[in-house]
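Trainee: What follows is model_4.tsv, made up of TSV, C-alpha atoms:
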```
chain	number	residue	atom	x	y	z
A	1	ILE	CA	1.40	-46.73	16.46
A	2	GLY	CA	3.99	-44.33	17.79
A	3	GLU	CA	3.52	-40.86	19.19
A	4	VAL	CA	6.01	-38.01	19.01
A	5	LYS	CA	5.80	-34.59	20.63
A	6	ILE	CA	7.81	-31.74	19.15
A	7	ASP	CA	7.98	-27.97	19.54
A	8	LEU	CA	8.00	-25.97	16.32
A	9	GLU	CA	9.51	-22.51	16.12
A	10	GLU	CA	8.44	-19.85	13.65
A	11	GLU	CA	9.19	-20.82	10.01
A	12	ASP	CA	9.95	-24.46	10.95
A	13	MET	CA	8.54	-26.99	8.48
A	14	LEU	CA	7.25	-30.47	9.27
A	15	PHE	CA	6.96	-33.04	6.46
A	16	ILE	CA	4.74	-36.11	6.79
A	17	PHE	CA	4.86	-38.60	3.92
A	18	SER	CA	3.78	-42.11	2.97
A	19	ASP	CA	6.26	-44.94	2.49
A	20	GLY	CA	5.64	-44.59	-1.23
A	21	VAL	CA	7.77	-41.45	-1.01
A	22	SER	CA	10.69	-42.89	0.96
A	23	GLN	CA	10.63	-46.11	-1.10
A	24	SER	CA	10.64	-44.32	-4.45
A	25	GLY	CA	13.31	-45.75	-6.74
A	26	MET	CA	13.06	-49.24	-5.23
A	27	GLY	CA	14.45	-51.82	-7.64
A	28	LYS	CA	15.77	-49.14	-9.96
A	29	GLY	CA	19.30	-48.76	-8.68
A	30	ARG	CA	18.15	-48.56	-5.07
A	31	ALA	CA	17.38	-51.79	-3.23
A	32	LEU	CA	14.96	-50.17	-0.76
A	33	GLY	CA	14.41	-46.84	-2.46
A	34	TRP	CA	16.10	-43.57	-1.66
A	35	GLY	CA	14.91	-43.74	1.95
A	36	GLU	CA	14.14	-41.11	4.54
A	37	ASP	CA	17.70	-39.79	4.29
A	38	GLY	CA	17.24	-39.18	0.58
A	39	VAL	CA	13.99	-37.31	1.17
A	40	THR	CA	15.58	-35.24	3.94
A	41	SER	CA	18.60	-34.43	1.79
A	42	PHE	CA	16.38	-33.30	-1.11
A	43	ILE	CA	14.36	-31.02	1.16
A	44	GLY	CA	17.52	-29.59	2.71
A	45	ARG	CA	19.00	-28.75	-0.70
A	46	HIS	CA	15.93	-26.98	-2.01
A	47	CYS	CA	13.98	-25.51	0.93
A	48	SER	CA	15.91	-22.23	0.92
A	49	ASN	CA	15.34	-21.40	-2.77
A	50	MET	CA	11.78	-22.65	-3.33
A	51	GLU	CA	8.38	-21.61	-2.10
A	52	PRO	CA	6.68	-24.35	-0.01
A	53	GLU	CA	4.23	-25.22	-2.80
A	54	GLU	CA	7.08	-25.44	-5.33
A	55	LEU	CA	9.08	-27.64	-2.98
A	56	LEU	CA	6.20	-30.09	-2.57
A	57	ASP	CA	5.68	-30.28	-6.33
A	58	ALA	CA	9.40	-30.78	-6.94
A	59	LEU	CA	9.57	-33.53	-4.31
A	60	VAL	CA	6.65	-35.46	-5.83
A	61	GLU	CA	8.09	-35.06	-9.33
A	62	HIS	CA	11.47	-36.35	-8.15
A	63	CYS	CA	9.80	-39.43	-6.65
A	64	GLN	CA	8.24	-40.10	-10.04
A	65	LYS	CA	11.53	-39.52	-11.86
A	66	ILE	CA	13.61	-41.96	-9.79
A	67	SER	CA	10.84	-44.57	-10.10
A	68	GLY	CA	11.15	-44.73	-13.89
A	69	ASN	CA	8.77	-41.80	-14.51
A	70	GLN	CA	5.88	-43.54	-12.79
A	71	TYR	CA	4.41	-43.82	-9.32
A	72	GLU	CA	4.98	-47.33	-7.96
A	73	ASP	CA	2.98	-46.69	-4.78
A	74	ASP	CA	0.89	-44.08	-2.99
A	75	THR	CA	2.96	-40.88	-3.00
A	76	SER	CA	1.40	-38.55	-0.44
A	77	ILE	CA	3.14	-35.66	1.33
A	78	ILE	CA	1.86	-33.17	3.89
A	79	MET	CA	3.87	-30.09	4.78
A	80	ILE	CA	3.08	-28.00	7.86
A	81	GLN	CA	4.87	-24.68	8.31
A	82	ALA	CA	4.82	-22.77	11.58
A	83	SER	CA	4.25	-19.14	10.61
A	84	LYS	CA	3.22	-16.03	12.44
A	85	ALA	CA	-0.49	-15.43	11.87
A	86	ARG	CA	-1.37	-12.62	9.46
A	87	HIS	CA	-3.93	-10.49	11.26
A	88	LEU	CA	-6.59	-8.19	9.77
A	89	SER	CA	-9.12	-6.00	11.60
A	90	LEU	CA	-12.19	-4.81	9.66
A	91	PHE	CA	-14.38	-1.92	10.83
A	92	SER	CA	-17.66	-1.29	9.05
A	93	GLY	CA	-20.81	0.57	10.06
A	94	PRO	CA	-21.52	3.23	12.69
A	95	PRO	CA	-22.27	1.97	16.21
A	96	ARG	CA	-25.96	1.55	17.00
A	97	TRP	CA	-25.72	4.16	19.76
A	98	ARG	CA	-23.80	7.41	19.40
A	99	HIS	CA	-22.40	7.12	22.92
A	100	ASP	CA	-20.49	4.02	21.76
A	101	ASP	CA	-18.49	5.99	19.17
A	102	SER	CA	-15.63	6.49	21.62
A	103	ALA	CA	-15.44	2.78	22.49
A	104	TYR	CA	-15.53	1.96	18.77
A	105	ALA	CA	-12.58	4.28	18.20
A	106	ASP	CA	-10.71	2.71	21.12
A	107	ALA	CA	-11.25	-0.70	19.54
A	108	PHE	CA	-9.80	0.64	16.29
A	109	ARG	CA	-6.82	2.16	18.07
A	110	ASN	CA	-6.03	-1.14	19.79
A	111	ALA	CA	-6.90	-3.46	16.90
A	112	ALA	CA	-4.30	-5.92	15.66
A	113	GLY	CA	-2.65	-6.22	12.26
A	114	THR	CA	-3.82	-4.59	9.06
A	115	LYS	CA	-6.63	-2.13	9.75
A	116	VAL	CA	-9.41	-1.82	7.17
A	117	ILE	CA	-12.41	0.53	7.19
A	118	CYS	CA	-15.41	-0.01	4.92
A	119	GLY	CA	-17.87	2.86	4.96
A	120	SER	CA	-17.56	6.62	4.55
A	121	THR	CA	-19.69	7.26	7.65
A	122	THR	CA	-17.59	4.76	9.59
A	123	SER	CA	-14.33	6.42	8.59
A	124	GLY	CA	-15.79	9.82	9.43
A	125	ILE	CA	-16.74	8.72	12.95
A	126	LEU	CA	-13.35	7.13	13.59
A	127	ALA	CA	-11.50	10.16	12.23
A	128	ARG	CA	-13.52	12.49	14.46
A	129	GLU	CA	-12.97	10.41	17.57
A	130	LEU	CA	-9.26	9.95	16.86
A	131	GLY	CA	-8.63	13.59	16.00
A	132	THR	CA	-7.59	13.01	12.41
A	133	ARG	CA	-9.16	13.39	8.98
A	134	VAL	CA	-10.07	11.36	5.92
A	135	ARG	CA	-8.84	12.34	2.46
A	136	LEU	CA	-9.80	11.02	-0.95
A	137	LEU	CA	-7.25	8.80	-2.72
A	138	THR	CA	-9.11	7.64	-5.83
A	139	GLU	CA	-12.38	8.89	-7.26
A	140	GLY	CA	-13.65	5.47	-8.20
A	141	GLU	CA	-15.06	4.43	-11.56
A	142	GLY	CA	-18.61	3.45	-10.68
A	143	LEU	CA	-20.25	0.71	-8.67
A	144	HIS	CA	-17.62	-1.85	-9.70
A	145	SER	CA	-14.81	0.35	-8.41
A	146	PRO	CA	-15.87	2.60	-5.49
A	147	PRO	CA	-13.59	5.34	-4.13
A	148	THR	CA	-10.71	4.72	-1.75
A	149	TYR	CA	-9.57	7.01	1.03
A	150	ALA	CA	-6.64	7.55	3.36
A	151	MET	CA	-6.76	8.02	7.12
A	152	LYS	CA	-3.97	8.03	9.66
A	153	GLY	CA	-3.85	4.68	11.43
A	154	ALA	CA	-5.77	2.83	8.71
A	155	ASP	CA	-4.16	0.65	6.04
A	156	PHE	CA	-7.12	0.59	3.64
A	157	VAL	CA	-10.32	2.65	3.51
A	158	THR	CA	-13.18	2.36	1.03
A	159	GLU	CA	-16.97	2.41	0.78
A	160	GLY	CA	-19.21	0.10	2.79
A	161	ALA	CA	-22.02	-2.00	1.34
A	162	ILE	CA	-20.94	-1.69	-2.29
A	163	ALA	CA	-17.35	-2.80	-1.66
A	164	LEU	CA	-18.34	-5.47	0.86
A	165	ASN	CA	-20.89	-7.03	-1.50
A	166	GLN	CA	-18.35	-7.38	-4.28
A	167	ALA	CA	-15.61	-8.61	-1.96
A	168	ALA	CA	-17.99	-11.30	-0.69
A	169	ASN	CA	-18.50	-12.48	-4.28
A	170	LEU	CA	-14.78	-12.35	-5.08
A	171	LEU	CA	-14.00	-14.64	-2.16
A	172	TYR	CA	-15.43	-17.45	-4.30
A	173	ALA	CA	-12.95	-16.75	-7.10
A	174	ASP	CA	-9.49	-18.23	-7.56
A	175	PRO	CA	-7.19	-15.93	-5.53
A	176	GLU	CA	-4.74	-15.94	-8.45
A	177	GLU	CA	-7.38	-14.26	-10.62
A	178	VAL	CA	-8.04	-11.40	-8.19
A	179	LYS	CA	-5.28	-9.08	-9.40
A	180	GLY	CA	-7.03	-5.79	-10.20
A	181	LYS	CA	-6.71	-2.42	-8.50
A	182	SER	CA	-10.40	-1.84	-7.76
A	183	ALA	CA	-11.36	-1.42	-4.11
A	184	PRO	CA	-13.32	-4.72	-3.97
A	185	GLU	CA	-10.37	-6.64	-5.42
A	186	GLN	CA	-7.93	-5.01	-3.01
A	187	LEU	CA	-10.27	-5.86	-0.14
A	188	ALA	CA	-10.67	-9.48	-1.28
A	189	ARG	CA	-6.88	-9.86	-1.52
A	190	LEU	CA	-6.51	-8.58	2.03
A	191	PHE	CA	-8.96	-11.27	3.17
A	192	PHE	CA	-7.24	-14.00	1.14
A	193	ASN	CA	-3.84	-13.05	2.57
A	194	SER	CA	-4.94	-13.00	6.22
A	195	ASP	CA	-5.15	-15.87	8.69
A	196	VAL	CA	-7.03	-14.19	11.54
A	197	ILE	CA	-9.79	-11.67	10.83
A	198	ASP	CA	-11.43	-9.56	13.53
A	199	VAL	CA	-14.67	-7.92	12.37
A	200	TYR	CA	-15.98	-4.89	14.27
A	201	GLU	CA	-19.44	-4.11	12.94
A	202	GLY	CA	-21.49	-1.06	13.85
A	203	LEU	CA	-25.17	-2.00	13.87
A	204	ALA	CA	-26.77	1.37	13.13
A	205	ALA	CA	-29.26	1.13	10.26
A	206	ASN	CA	-28.50	2.94	7.01
A	207	GLU	CA	-31.63	4.06	5.18
A	208	ALA	CA	-29.68	4.42	1.93
A	209	HIS	CA	-29.27	0.64	1.84
A	210	GLU	CA	-33.05	0.31	1.55
A	211	MET	CA	-33.14	2.32	-1.68
A	212	LEU	CA	-34.86	0.69	-4.64
A	213	LEU	CA	-31.61	0.96	-6.67
A	214	PHE	CA	-29.82	-1.29	-4.17
A	215	LYS	CA	-32.58	-3.87	-4.49
A	216	GLN	CA	-32.60	-3.54	-8.27
A	217	LEU	CA	-28.86	-4.22	-8.47
A	218	GLY	CA	-28.97	-7.04	-5.93
A	219	ILE	CA	-26.77	-5.16	-3.46
A	220	ARG	CA	-27.23	-6.62	0.00
A	221	ILE	CA	-27.41	-4.34	3.00
A	222	ARG	CA	-24.13	-4.08	4.88
A	223	ARG	CA	-25.17	-6.48	7.63
A	224	GLU	CA	-25.97	-9.23	5.11
A	225	ALA	CA	-22.77	-8.61	3.16
A	226	VAL	CA	-20.73	-8.87	6.36
A	227	ARG	CA	-22.45	-12.17	7.22
A	228	ALA	CA	-21.66	-13.52	3.76
A	229	ILE	CA	-18.01	-12.57	4.19
A	230	LEU	CA	-17.80	-14.12	7.66
A	231	ASN	CA	-19.29	-17.39	6.43
A	232	ARG	CA	-16.99	-17.58	3.43
A	233	LEU	CA	-13.88	-16.76	5.46
A	234	GLU	CA	-14.70	-19.59	7.85
A	235	ASP	CA	-15.19	-21.93	4.88
A	236	LEU	CA	-11.71	-20.91	3.71
A	237	GLY	CA	-10.25	-21.99	7.05
A	238	LYS	CA	-9.70	-18.51	8.44
A	239	MET	CA	-9.99	-17.80	12.16
A	240	VAL	CA	-12.77	-15.22	12.47
A	241	HIS	CA	-13.82	-13.12	15.48
A	242	TYR	CA	-16.92	-10.91	15.47
A	243	TYR	CA	-17.49	-7.84	17.66
A	244	PRO	CA	-20.81	-5.98	17.30
A	245	PHE	CA	-21.21	-2.34	18.35
```
Rewrite the structure from the file as structure tokens, please.
Mentor:
Amino acid sequence: IGEVKIDLEEEDMLFIFSDGVSQSGMGKGRALGWGEDGVTSFIGRHCSNMEPEELLDALVEHCQKISGNQYEDDTSIIMIQASKARHLSLFSGPPRWRHDDSAYADAFRNAAGTKVICGSTTSGILARELGTRVRLLTEGEGLHSPPTYAMKGADFVTEGAIALNQAANLLYADPEEVKGKSAPEQLARLFFNSDVIDVYEGLAANEAHEMLLFKQLGIRIRREAVRAILNRLEDLGKMVHYYPF
């Protein structure tokens, strides 16, 4: 067993493959297969014009092709790409204590990456503390598509519990199917497309979430929806940080 230490720079790719890959084509015009040099050459020719997933598929298919359209041995490939983490910061819920509003706004001001606000009260507090305002972008089309707003410094603003509940459900869907323009779908896509998610949750209770209609429709209170999202994001391999206020 050998050990190698390497330093990867941003966008570098590391390929790890079984000998069934490098020995593809053995006995079919190639005494020992196309070898590591053949694999390296193939990757070099195609890495600039293919997405990583496409490149992996093409490499496996080529191994099959040069082996007489069959797999003679285990053909396993792992690709690791060093990429800059895609960061998202989510703010939802008013702080438990009013005197923490300023600290909450400071956290928003200094937050990393894409900044998302879920909750009209939350956006109102942040706008007040930051000396800006919130304006309506889309009216919304009902519970399945709540309104969206715009606020200076924020990349996406929508409602709280309603949008969070639906986004939590959508995180169990195939990301390729989440293509709509509704606020929950936009929010779910932001989660899917992020690597590191910082969640800043205000813990003030919202009596509206205790309404019978919420219970009738199975809408979880914000705190429960946030927990569901955190758990699912961790299951998806995301790095999640949680900051209560």
Trainee: Identify which of the residues A:Trp34, A:Trp97, A:Phe15, A:Phe42 lies closest to Ala82 (chain A), counting only C-alpha atoms when measuring atom-to-atom distances.
Mentor: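 Checking each candidate against Ala82 (chain A), we get A:Phe15 as the closest.
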Trainee: Calculated over all atoms listed in the file, which of the candidates A:Glu61, A:Asp74, A:Glu10, A:Glu201 has the smallest distance to Leu90 (chain A)?
Mentor: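 Checking each candidate against Leu90 (chain A), we get A:Glu201 as the closest.
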Trainee: For region 108-116 of chain A, work out the shell of residues within 6 Å, counting all atoms listed in the file and skipping chain neighbours fewer than 4 positions away, then give it as a PDB file with C-alpha atoms, in the coordinates of the input.
Mentor:
```pdb
ATOM      1  CA  HIS A  87      -3.930 -10.490  11.260  1.00  0.00           C
ATOM      2  CA  LEU A  88      -6.590  -8.190   9.770  1.00  0.00           C
ATOM      3  CA  SER A  89      -9.120  -6.000  11.600  1.00  0.00           C
ATOM      4  CA  LEU A  90     -12.190  -4.810   9.660  1.00  0.00           C
ATOM      5  CA  ALA A 154      -5.770   2.830   8.710  1.00  0.00           C
ATOM      6  CA  ASP A 155      -4.160   0.650   6.040  1.00  0.00           C
ATOM      7  CA  PHE A 156      -7.120   0.590   3.640  1.00  0.00           C
ATOM      8  CA  VAL A 157     -10.320   2.650   3.510  1.00  0.00           C
TER       9      VAL A 157
END
```
Trainee: Find the residues near region 179-196 of chain A: any atom within 10 Å, counting all atoms listed in the file, skip ones fewer than 3 places away on the same chain, and give them as an NGL selection string.
Mentor: :A and (84-90 or 112-114 or 116-118 or 138 or 140-141 or 143-148 or 156-159 or 162-176 or 199 or 229 or 233 or 236-241)
Trainee: Find the spatial neighbours of Cys63 (chain A), counting only C-alpha atoms, within a cut-off of 10 Å - ignore same-chain residues fewer than 6 positions away - and output them as a list in words.
Mentor: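 The filter keeps Gly20, Val21, Ser22, Gln23, Ser24, Gly25, Gly33, Trp34, Val39, Asn69, Gln70, Tyr71, Glu72 and Thr75 of chain A.
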Trainee: For the residues in that selection, give me C-alpha atoms as a PDB file, in the frame of the given file.
Mentor:
```pdb
ATOM      1  CA  GLY A  20       5.640 -44.590  -1.230  1.00  0.00           C
ATOM      2  CA  VAL A  21       7.770 -41.450  -1.010  1.00  0.00           C
ATOM      3  CA  SER A  22      10.690 -42.890   0.960  1.00  0.00           C
ATOM      4  CA  GLN A  23      10.630 -46.110  -1.100  1.00  0.00           C
ATOM      5  CA  SER A  24      10.640 -44.320  -4.450  1.00  0.00           C
ATOM      6  CA  GLY A  25      13.310 -45.750  -6.740  1.00  0.00           C
ATOM      7  CA  GLY A  33      14.410 -46.840  -2.460  1.00  0.00           C
ATOM      8  CA  TRP A  34      16.100 -43.570  -1.660  1.00  0.00           C
ATOM      9  CA  VAL A  39      13.990 -37.310   1.170  1.00  0.00           C
ATOM     10  CA  ASN A  69       8.770 -41.800 -14.510  1.00  0.00           C
ATOM     11  CA  GLN A  70       5.880 -43.540 -12.790  1.00  0.00           C
ATOM     12  CA  TYR A  71       4.410 -43.820  -9.320  1.00  0.00           C
ATOM     13  CA  GLU A  72       4.980 -47.330  -7.960  1.00  0.00           C
ATOM     14  CA  THR A  75       2.960 -40.880  -3.000  1.00  0.00           C
TER      15      THR A  75
END
```
Trainee: I want to know what sits within 7 Å of Phe17 (chain A), based on only C-alpha atoms, with residues of the same chain fewer than 3 positions away left out; could you give that as a ChimeraX atom specification?
Mentor: /A:21,76-78
Trainee: For CA of His99 (chain A) and CA of Ala228 (chain A), quote the distance in Å rounded to one decimal.
Mentor: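 A separation of 28.2 Å between them.
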Trainee: Listed atoms of region 95-103 of chain A, axis-aligned box, 6 Å per side: centre and edge lengths to one decimal in Å, as lines of an AutoDock Vina configuration file?
Mentor:
```
center_x = -20.7
center_y = 4.5
center_z = 19.6
size_x = 22.5
size_y = 17.9
size_z = 18.7
```
Trainee: Env of Gly131 (chain A): 12 Å cut, atoms = only C-alpha atoms, seq-sep filter 6 positions within chain, self excluded. Answer as a list in words.
Mentor: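 That gives Ser102, Ala105, Arg109, Ser123, Gly124, Ile125, Met151, Lys152 and Gly153 of chain A.
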Trainee: Report, in Å to a single decimal, how far apart CA of Ile6 (chain A) and CA of Asp37 (chain A) are.
Mentor: 19.6 Å
Trainee: Just how far from CA of Asp19 (chain A) is CA of Glu51 (chain A), in Å to one decimal?
Mentor: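 CA of Glu51 (chain A) sits 23.9 Å away from CA of Asp19 (chain A).
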